[in-house]
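Asks: Okay, so here is start-v6.tsv, and as you'll see once you scroll down, it has TSV, N, CA and C atoms.
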```tsv
chain	number	residue	atom	x	y	z
A	257	GLN	N	11.75	12.34	12.28
A	257	GLN	CA	11.56	11.59	11.05
A	257	GLN	C	10.81	10.29	11.35
A	258	VAL	N	10.08	9.84	10.36
A	258	VAL	CA	9.28	8.63	10.52
A	258	VAL	C	9.87	7.52	9.67
A	259	GLN	N	10.04	6.37	10.28
A	259	GLN	CA	10.41	5.18	9.52
A	259	GLN	C	9.15	4.36	9.28
A	260	VAL	N	9.09	3.77	8.10
A	260	VAL	CA	7.92	2.95	7.75
A	260	VAL	C	8.40	1.53	7.47
A	261	VAL	N	7.81	0.60	8.16
A	261	VAL	CA	8.23	-0.80	8.04
A	261	VAL	C	7.10	-1.62	7.43
A	262	GLN	N	7.43	-2.31	6.35
A	262	GLN	CA	6.47	-3.17	5.68
A	262	GLN	C	6.66	-4.60	6.13
A	263	SER	N	5.58	-5.36	6.08
A	263	SER	CA	5.64	-6.78	6.37
A	263	SER	C	4.65	-7.49	5.46
A	264	GLY	N	4.84	-8.79	5.36
A	264	GLY	CA	3.99	-9.58	4.48
A	264	GLY	C	4.69	-9.82	3.17
A	265	GLY	N	3.95	-10.27	2.20
A	265	GLY	CA	4.52	-10.56	0.90
A	265	GLY	C	5.06	-11.97	0.84
A	266	GLY	N	5.70	-12.29	-0.29
A	266	GLY	CA	6.28	-13.61	-0.46
A	266	GLY	C	5.81	-14.26	-1.75
A	267	LEU	N	5.85	-15.57	-1.74
A	267	LEU	CA	5.51	-16.37	-2.93
A	267	LEU	C	4.19	-17.08	-2.70
A	268	VAL	N	3.31	-17.01	-3.70
A	268	VAL	CA	2.01	-17.66	-3.59
A	268	VAL	C	1.59	-18.15	-4.97
A	269	GLN	N	0.79	-19.17	-5.01
A	269	GLN	CA	0.27	-19.67	-6.28
A	269	GLN	C	-0.89	-18.80	-6.75
A	270	ALA	N	-1.10	-18.80	-8.05
A	270	ALA	CA	-2.23	-18.06	-8.62
A	270	ALA	C	-3.53	-18.50	-7.94
A	271	GLY	N	-4.36	-17.52	-7.65
A	271	GLY	CA	-5.60	-17.80	-6.94
A	271	GLY	C	-5.51	-17.67	-5.44
A	272	GLY	N	-4.29	-17.57	-4.94
A	272	GLY	CA	-4.08	-17.47	-3.50
A	272	GLY	C	-4.22	-16.06	-2.99
A	273	SER	N	-3.92	-15.90	-1.71
A	273	SER	CA	-4.07	-14.61	-1.04
A	273	SER	C	-2.82	-14.27	-0.25
A	274	LEU	N	-2.58	-12.98	-0.12
A	274	LEU	CA	-1.52	-12.46	0.72
A	274	LEU	C	-2.00	-11.17	1.37
A	275	ARG	N	-1.38	-10.84	2.50
A	275	ARG	CA	-1.71	-9.60	3.17
A	275	ARG	C	-0.42	-8.83	3.42
A	276	LEU	N	-0.42	-7.58	3.03
A	276	LEU	CA	0.70	-6.68	3.28
A	276	LEU	C	0.30	-5.68	4.35
A	277	SER	N	1.27	-5.35	5.19
A	277	SER	CA	1.02	-4.34	6.21
A	277	SER	C	2.17	-3.35	6.25
A	278	CYS	N	1.87	-2.19	6.79
A	278	CYS	CA	2.82	-1.10	6.77
A	278	CYS	C	2.56	-0.27	8.03
A	279	ALA	N	3.60	-0.06	8.84
A	279	ALA	CA	3.42	0.66	10.09
A	279	ALA	C	4.47	1.74	10.25
A	280	ALA	N	4.05	2.86	10.78
A	280	ALA	CA	4.99	3.95	11.06
A	280	ALA	C	5.69	3.71	12.40
A	281	SER	N	6.88	4.25	12.52
A	281	SER	CA	7.68	4.06	13.74
A	281	SER	C	7.17	4.90	14.91
A	282	ARG	N	6.34	5.87	14.60
A	282	ARG	CA	5.72	6.67	15.65
A	282	ARG	C	4.31	7.04	15.20
A	283	SER	N	3.52	7.48	16.13
A	283	SER	CA	2.17	7.93	15.79
A	283	SER	C	2.23	9.14	14.87
A	284	ILE	N	1.32	9.19	13.91
A	284	ILE	CA	1.19	10.35	13.01
A	284	ILE	C	-0.19	10.95	13.25
A	285	PRO	N	-0.30	11.88	14.17
A	285	PRO	CA	-1.63	12.43	14.51
A	285	PRO	C	-2.33	13.09	13.32
A	286	SER	N	-1.54	13.71	12.42
A	286	SER	CA	-2.14	14.40	11.28
A	286	SER	C	-2.02	13.55	10.01
A	287	ILE	N	-2.24	12.25	10.18
A	287	ILE	CA	-2.07	11.34	9.05
A	287	ILE	C	-3.04	11.71	7.92
A	288	GLY	N	-2.55	11.67	6.71
A	288	GLY	CA	-3.37	12.01	5.55
A	288	GLY	C	-3.72	10.76	4.77
A	289	ASP	N	-3.61	10.85	3.45
A	289	ASP	CA	-3.87	9.68	2.62
A	289	ASP	C	-2.80	8.62	2.85
A	290	VAL	N	-3.19	7.38	2.64
A	290	VAL	CA	-2.25	6.27	2.73
A	290	VAL	C	-2.51	5.38	1.53
A	291	GLY	N	-1.51	4.63	1.12
A	291	GLY	CA	-1.75	3.81	-0.06
A	291	GLY	C	-0.62	2.87	-0.39
A	292	TRP	N	-0.81	2.23	-1.54
A	292	TRP	CA	0.14	1.24	-2.04
A	292	TRP	C	0.41	1.47	-3.52
A	293	TYR	N	1.67	1.34	-3.88
A	293	TYR	CA	2.12	1.31	-5.26
A	293	TYR	C	2.83	-0.01	-5.50
A	294	ARG	N	3.03	-0.32	-6.75
A	294	ARG	CA	3.83	-1.50	-7.08
A	294	ARG	C	4.65	-1.24	-8.35
A	295	GLN	N	5.72	-1.99	-8.45
A	295	GLN	CA	6.58	-1.87	-9.63
A	295	GLN	C	7.03	-3.25	-10.06
A	296	ALA	N	6.64	-3.61	-11.26
A	296	ALA	CA	7.03	-4.89	-11.83
A	296	ALA	C	8.32	-4.69	-12.62
A	297	PRO	N	9.09	-5.74	-12.84
A	297	PRO	CA	10.35	-5.62	-13.59
A	297	PRO	C	10.12	-5.00	-14.97
A	298	GLY	N	10.90	-3.99	-15.28
A	298	GLY	CA	10.81	-3.35	-16.58
A	298	GLY	C	9.63	-2.42	-16.76
A	299	LYS	N	8.87	-2.20	-15.69
A	299	LYS	CA	7.69	-1.35	-15.79
A	299	LYS	C	7.78	-0.18	-14.82
A	300	GLN	N	6.96	0.84	-15.10
A	300	GLN	CA	6.92	1.98	-14.19
A	300	GLN	C	6.12	1.63	-12.93
A	301	ARG	N	6.41	2.39	-11.87
A	301	ARG	CA	5.65	2.21	-10.64
A	301	ARG	C	4.22	2.65	-10.91
A	302	GLU	N	3.27	1.85	-10.42
A	302	GLU	CA	1.86	2.18	-10.63
A	302	GLU	C	1.10	2.17	-9.32
A	303	LEU	N	0.08	2.99	-9.27
A	303	LEU	CA	-0.76	3.05	-8.09
A	303	LEU	C	-1.64	1.82	-8.01
A	304	VAL	N	-1.71	1.22	-6.83
A	304	VAL	CA	-2.56	0.06	-6.61
A	304	VAL	C	-3.84	0.47	-5.88
A	305	ALA	N	-3.69	1.17	-4.77
A	305	ALA	CA	-4.87	1.54	-3.97
A	305	ALA	C	-4.53	2.72	-3.07
A	306	ILE	N	-5.54	3.54	-2.83
A	306	ILE	CA	-5.43	4.66	-1.90
A	306	ILE	C	-6.59	4.62	-0.93
A	307	ALA	N	-6.31	4.92	0.33
A	307	ALA	CA	-7.36	5.12	1.33
A	307	ALA	C	-7.23	6.56	1.81
A	308	ARG	N	-8.21	7.38	1.50
A	308	ARG	CA	-8.11	8.80	1.78
A	308	ARG	C	-8.57	9.13	3.19
A	309	THR	N	-8.31	10.34	3.61
A	309	THR	CA	-8.63	10.73	4.98
A	309	THR	C	-10.13	10.70	5.24
A	310	ASP	N	-10.94	10.87	4.20
A	310	ASP	CA	-12.39	10.83	4.38
A	310	ASP	C	-12.96	9.43	4.19
A	311	SER	N	-12.09	8.45	4.22
A	311	SER	CA	-12.43	7.03	4.14
A	311	SER	C	-12.76	6.55	2.72
A	312	ARG	N	-12.73	7.43	1.74
A	312	ARG	CA	-12.91	6.96	0.36
A	312	ARG	C	-11.70	6.13	-0.04
A	313	THR	N	-11.95	5.15	-0.89
A	313	THR	CA	-10.87	4.32	-1.41
A	313	THR	C	-10.91	4.34	-2.94
A	314	ASN	N	-9.74	4.21	-3.52
A	314	ASN	CA	-9.62	4.12	-4.96
A	314	ASN	C	-8.69	2.97	-5.29
A	315	TYR	N	-9.02	2.25	-6.35
A	315	TYR	CA	-8.23	1.10	-6.75
A	315	TYR	C	-7.88	1.19	-8.23
A	316	ALA	N	-6.74	0.61	-8.57
A	316	ALA	CA	-6.44	0.42	-9.98
A	316	ALA	C	-7.46	-0.55	-10.56
A	317	ASP	N	-7.83	-0.35	-11.80
A	317	ASP	CA	-8.83	-1.24	-12.42
A	317	ASP	C	-8.39	-2.70	-12.36
A	318	SER	N	-7.09	-2.93	-12.45
A	318	SER	CA	-6.58	-4.30	-12.51
A	318	SER	C	-6.74	-5.05	-11.19
A	319	VAL	N	-6.99	-4.34	-10.09
A	319	VAL	CA	-7.09	-5.02	-8.80
A	319	VAL	C	-8.47	-4.86	-8.16
A	320	LYS	N	-9.34	-4.10	-8.78
A	320	LYS	CA	-10.69	-3.90	-8.22
A	320	LYS	C	-11.36	-5.24	-7.99
A	321	ASP	N	-12.08	-5.32	-6.90
A	321	ASP	CA	-12.83	-6.51	-6.50
A	321	ASP	C	-11.94	-7.67	-6.07
A	322	ARG	N	-10.63	-7.46	-6.06
A	322	ARG	CA	-9.71	-8.50	-5.57
A	322	ARG	C	-8.90	-8.02	-4.36
A	323	PHE	N	-8.52	-6.76	-4.36
A	323	PHE	CA	-7.70	-6.20	-3.28
A	323	PHE	C	-8.56	-5.31	-2.39
A	324	ILE	N	-8.20	-5.28	-1.11
A	324	ILE	CA	-8.89	-4.41	-0.16
A	324	ILE	C	-7.86	-3.66	0.66
A	325	ILE	N	-7.96	-2.33	0.63
A	325	ILE	CA	-7.07	-1.51	1.44
A	325	ILE	C	-7.79	-1.10	2.71
A	326	SER	N	-7.04	-1.07	3.82
A	326	SER	CA	-7.63	-0.63	5.08
A	326	SER	C	-6.60	0.19	5.83
A	327	ARG	N	-7.09	1.11	6.65
A	327	ARG	CA	-6.19	1.98	7.40
A	327	ARG	C	-6.58	1.99	8.87
A	328	ASP	N	-5.58	2.21	9.70
A	328	ASP	CA	-5.80	2.33	11.14
A	328	ASP	C	-5.11	3.62	11.56
A	329	ASN	N	-5.90	4.66	11.74
A	329	ASN	CA	-5.31	5.97	12.06
A	329	ASN	C	-4.66	5.99	13.44
A	330	VAL	N	-5.22	5.25	14.35
A	330	VAL	CA	-4.66	5.23	15.72
A	330	VAL	C	-3.26	4.62	15.71
A	331	LYS	N	-3.12	3.56	14.95
A	331	LYS	CA	-1.82	2.87	14.90
A	331	LYS	C	-0.94	3.38	13.77
A	332	SER	N	-1.46	4.30	12.97
A	332	SER	CA	-0.71	4.83	11.80
A	332	SER	C	-0.25	3.68	10.91
A	333	MET	N	-1.22	2.89	10.50
A	333	MET	CA	-0.93	1.70	9.70
A	333	MET	C	-1.84	1.65	8.48
A	334	VAL	N	-1.36	0.94	7.47
A	334	VAL	CA	-2.17	0.64	6.31
A	334	VAL	C	-1.90	-0.81	5.91
A	335	SER	N	-2.94	-1.48	5.47
A	335	SER	CA	-2.81	-2.87	5.05
A	335	SER	C	-3.43	-3.06	3.67
A	336	LEU	N	-3.01	-4.12	3.02
A	336	LEU	CA	-3.55	-4.46	1.71
A	336	LEU	C	-3.81	-5.95	1.68
A	337	GLN	N	-5.07	-6.32	1.64
A	337	GLN	CA	-5.46	-7.71	1.51
A	337	GLN	C	-5.59	-8.02	0.02
A	338	MET	N	-4.82	-8.97	-0.44
A	338	MET	CA	-4.79	-9.31	-1.86
A	338	MET	C	-5.34	-10.71	-2.05
A	339	ASN	N	-6.44	-10.80	-2.76
A	339	ASN	CA	-7.11	-12.08	-3.01
A	339	ASN	C	-7.10	-12.40	-4.50
A	340	SER	N	-7.34	-13.65	-4.79
A	340	SER	CA	-7.40	-14.10	-6.20
A	340	SER	C	-6.20	-13.59	-6.99
A	341	LEU	N	-5.04	-13.79	-6.44
A	341	LEU	CA	-3.82	-13.24	-7.04
A	341	LEU	C	-3.53	-13.88	-8.39
A	342	LYS	N	-2.96	-13.05	-9.26
A	342	LYS	CA	-2.63	-13.47	-10.62
A	342	LYS	C	-1.13	-13.29	-10.85
A	343	PRO	N	-0.55	-14.03	-11.79
A	343	PRO	CA	0.88	-13.83	-12.06
A	343	PRO	C	1.22	-12.38	-12.40
A	344	GLU	N	0.32	-11.66	-13.02
A	344	GLU	CA	0.59	-10.26	-13.36
A	344	GLU	C	0.59	-9.33	-12.16
A	345	ASP	N	0.24	-9.84	-10.98
A	345	ASP	CA	0.36	-9.06	-9.76
A	345	ASP	C	1.78	-9.11	-9.19
A	346	THR	N	2.63	-9.92	-9.79
A	346	THR	CA	4.01	-10.02	-9.33
A	346	THR	C	4.71	-8.68	-9.46
A	347	ALA	N	5.26	-8.21	-8.36
A	347	ALA	CA	5.90	-6.89	-8.33
A	347	ALA	C	6.47	-6.65	-6.94
A	348	VAL	N	7.23	-5.57	-6.84
A	348	VAL	CA	7.61	-5.06	-5.52
A	348	VAL	C	6.55	-4.04	-5.12
A	349	TYR	N	6.00	-4.21	-3.94
A	349	TYR	CA	4.94	-3.35	-3.45
A	349	TYR	C	5.49	-2.37	-2.42
A	350	TYR	N	5.09	-1.11	-2.56
A	350	TYR	CA	5.54	-0.04	-1.67
A	350	TYR	C	4.33	0.63	-1.04
A	351	CYS	N	4.40	0.86	0.25
A	351	CYS	CA	3.34	1.60	0.92
A	351	CYS	C	3.81	3.04	1.17
A	352	TYR	N	2.85	3.92	1.40
A	352	TYR	CA	3.20	5.26	1.84
A	352	TYR	C	2.15	5.75	2.83
A	353	LEU	N	2.61	6.62	3.70
A	353	LEU	CA	1.75	7.27	4.69
A	353	LEU	C	2.02	8.77	4.60
A	354	GLU	N	0.97	9.56	4.50
A	354	GLU	CA	1.14	11.01	4.46
A	354	GLU	C	1.00	11.61	5.85
A	355	GLU	N	1.79	12.65	6.07
A	355	GLU	CA	1.66	13.46	7.27
A	355	GLU	C	1.35	14.88	6.81
A	356	ARG	N	0.34	15.50	7.40
A	356	ARG	CA	-0.14	16.79	6.87
A	356	ARG	C	0.40	18.00	7.63
A	357	ILE	N	0.80	17.82	8.87
A	357	ILE	CA	1.27	18.94	9.69
A	357	ILE	C	2.69	18.66	10.15
A	358	PRO	N	3.59	19.64	10.08
A	358	PRO	CA	3.39	21.04	9.72
A	358	PRO	C	3.29	21.31	8.22
A	359	PHE	N	3.65	20.33	7.41
A	359	PHE	CA	3.47	20.45	5.97
A	359	PHE	C	3.28	19.05	5.41
A	360	LEU	N	2.70	18.99	4.22
A	360	LEU	CA	2.40	17.69	3.62
A	360	LEU	C	3.67	16.99	3.17
A	361	ARG	N	3.83	15.76	3.65
A	361	ARG	CA	4.95	14.95	3.21
A	361	ARG	C	4.54	13.49	3.28
A	362	ALA	N	5.25	12.67	2.52
A	362	ALA	CA	4.94	11.25	2.47
A	362	ALA	C	6.13	10.44	2.94
A	363	TYR	N	5.83	9.39	3.67
A	363	TYR	CA	6.85	8.45	4.13
A	363	TYR	C	6.62	7.12	3.42
A	364	TRP	N	7.71	6.54	2.94
A	364	TRP	CA	7.61	5.33	2.13
A	364	TRP	C	8.20	4.12	2.85
A	365	GLY	N	7.56	2.99	2.59
A	365	GLY	CA	8.12	1.74	3.07
A	365	GLY	C	9.27	1.29	2.19
A	366	GLN	N	9.95	0.24	2.64
A	366	GLN	CA	11.17	-0.21	1.97
A	366	GLN	C	10.87	-1.08	0.75
A	367	GLY	N	9.63	-1.48	0.58
A	367	GLY	CA	9.27	-2.34	-0.53
A	367	GLY	C	9.29	-3.80	-0.11
A	368	THR	N	8.36	-4.57	-0.66
A	368	THR	CA	8.32	-5.99	-0.37
A	368	THR	C	7.93	-6.74	-1.64
A	369	GLN	N	8.58	-7.85	-1.86
A	369	GLN	CA	8.36	-8.62	-3.08
A	369	GLN	C	7.13	-9.51	-2.95
A	370	VAL	N	6.30	-9.46	-3.97
A	370	VAL	CA	5.17	-10.38	-4.09
A	370	VAL	C	5.35	-11.12	-5.41
A	371	THR	N	5.39	-12.43	-5.33
A	371	THR	CA	5.57	-13.26	-6.51
A	371	THR	C	4.41	-14.25	-6.59
A	372	VAL	N	3.73	-14.23	-7.72
A	372	VAL	CA	2.59	-15.12	-7.93
A	372	VAL	C	2.96	-16.10	-9.05
A	373	SER	N	2.98	-17.36	-8.72
A	373	SER	CA	3.33	-18.38	-9.71
A	373	SER	C	2.08	-18.92	-10.39
A	374	SER	N	2.23	-19.29	-11.63
A	374	SER	CA	1.08	-19.79	-12.40
A	374	SER	C	0.93	-21.30	-12.25
```
Would you put the structure from the file into structure tokens?
Replies:
Amino acid sequence: QVQVVQSGGGLVQAGGSLRLSCAASRSIPSIGDVGWYRQAPGKQRELVAIARTDSRTNYADSVKDRFIISRDNVKSMVSLQMNSLKPEDTAVYYCYLEERIPFLRAYWGQGTQVTVSS
């Protein structure tokens, strides 16, 4: 089994930046897509960004041009650089890492709070 540990997050003023990171407890040689979701109080979990195995990235419209997702296949890690943060970015952020062999499954981080003050 793989444990996923998140780091980063915290409290920042609007316009500031934060970086989230997520690392697997062991190497995932058949790592698949990796990404980030977030859940704000009273709202459903929403997709923030995905970095696919072919290096394509997808972002939620609300974070395009502000957030950057990056992956490190060797270290089985994913990061999210968040710039120009807004109060509406306040949420608990969750990362996931996919493993494709012997079957497709996803490992989730424990969640980390990001709070943006106005």
Asks: May I ask which of the residues A:Gln262, A:Asn339, A:Thr309, A:Ser277 is the closest one to Asp321 (chain A), counting all atoms listed in the file?
Replies: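 Selected residue with least distance to Asp321 (chain A): A:Asn339.
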Asks: Return as a Markdown table the residues of region 338-370 of chain A lying at most 8 Å from region 278-294 of chain A, together with the closest atom-to-atom pair for each and the distance in Å to one decimal, counting only C-alpha atoms, with rows in chain order and ascending residue number.
Replies:
```
| residue | atom | partner | partner_atom | distance |
| --- | --- | --- | --- | --- |
| A:Ala347 | CA | A:Arg294 | CA | 5.9 |
| A:Val348 | CA | A:Arg294 | CA | 5.4 |
| A:Tyr349 | CA | A:Arg294 | CA | 4.2 |
| A:Tyr350 | CA | A:Tyr293 | CA | 5.1 |
| A:Cys351 | CA | A:Trp292 | CA | 4.4 |
| A:Tyr352 | CA | A:Gly291 | CA | 5.5 |
| A:Leu353 | CA | A:Val290 | CA | 4.6 |
| A:Glu354 | CA | A:Gly288 | CA | 4.7 |
| A:Glu355 | CA | A:Ile287 | CA | 4.6 |
| A:Arg356 | CA | A:Ser286 | CA | 5.4 |
| A:Ile357 | CA | A:Ser286 | CA | 5.9 |
| A:Gly365 | CA | A:Cys278 | CA | 7.1 |
```
Asks: Write out as an MDAnalysis selection string all residues of chain A that DSSP puts in strand (DSSP E or B) for this structure's backbone.
Replies: chainID A and resid 260:264 266:269 274:280 287:295 302:307 313:315 323:328 333:338 347:355 361:364 368:373
Asks: So what do you get for CA of Arg322 (chain A) versus CA of Gln337 (chain A), distance-wise?
Replies: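 So the two atoms, CA of Arg322 (chain A) and CA of Gln337 (chain A), lie 8.3 Å apart.
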Asks: Measure the distance from CA of Ser318 (chain A) to atom C of Leu360 (chain A) in Å and round it to one decimal.
Replies: 28.4 Å
Asks: One decimal, in Å: what's the spacing between atom N of Ala296 (chain A) and atom C of Thr346 (chain A)?
Replies: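 For atom N of Ala296 (chain A) relative to atom C of Thr346 (chain A), the distance reads 5.7 Å.
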Asks: Tell me which of A:Asp345, A:Leu276, A:Phe359, A:Leu303 sits closest to Arg327 (chain A), counting only C-alpha atoms.
Replies: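 Among A:Asp345, A:Leu276, A:Phe359, A:Leu303, it is A:Leu276 that comes nearest to Arg327 (chain A).
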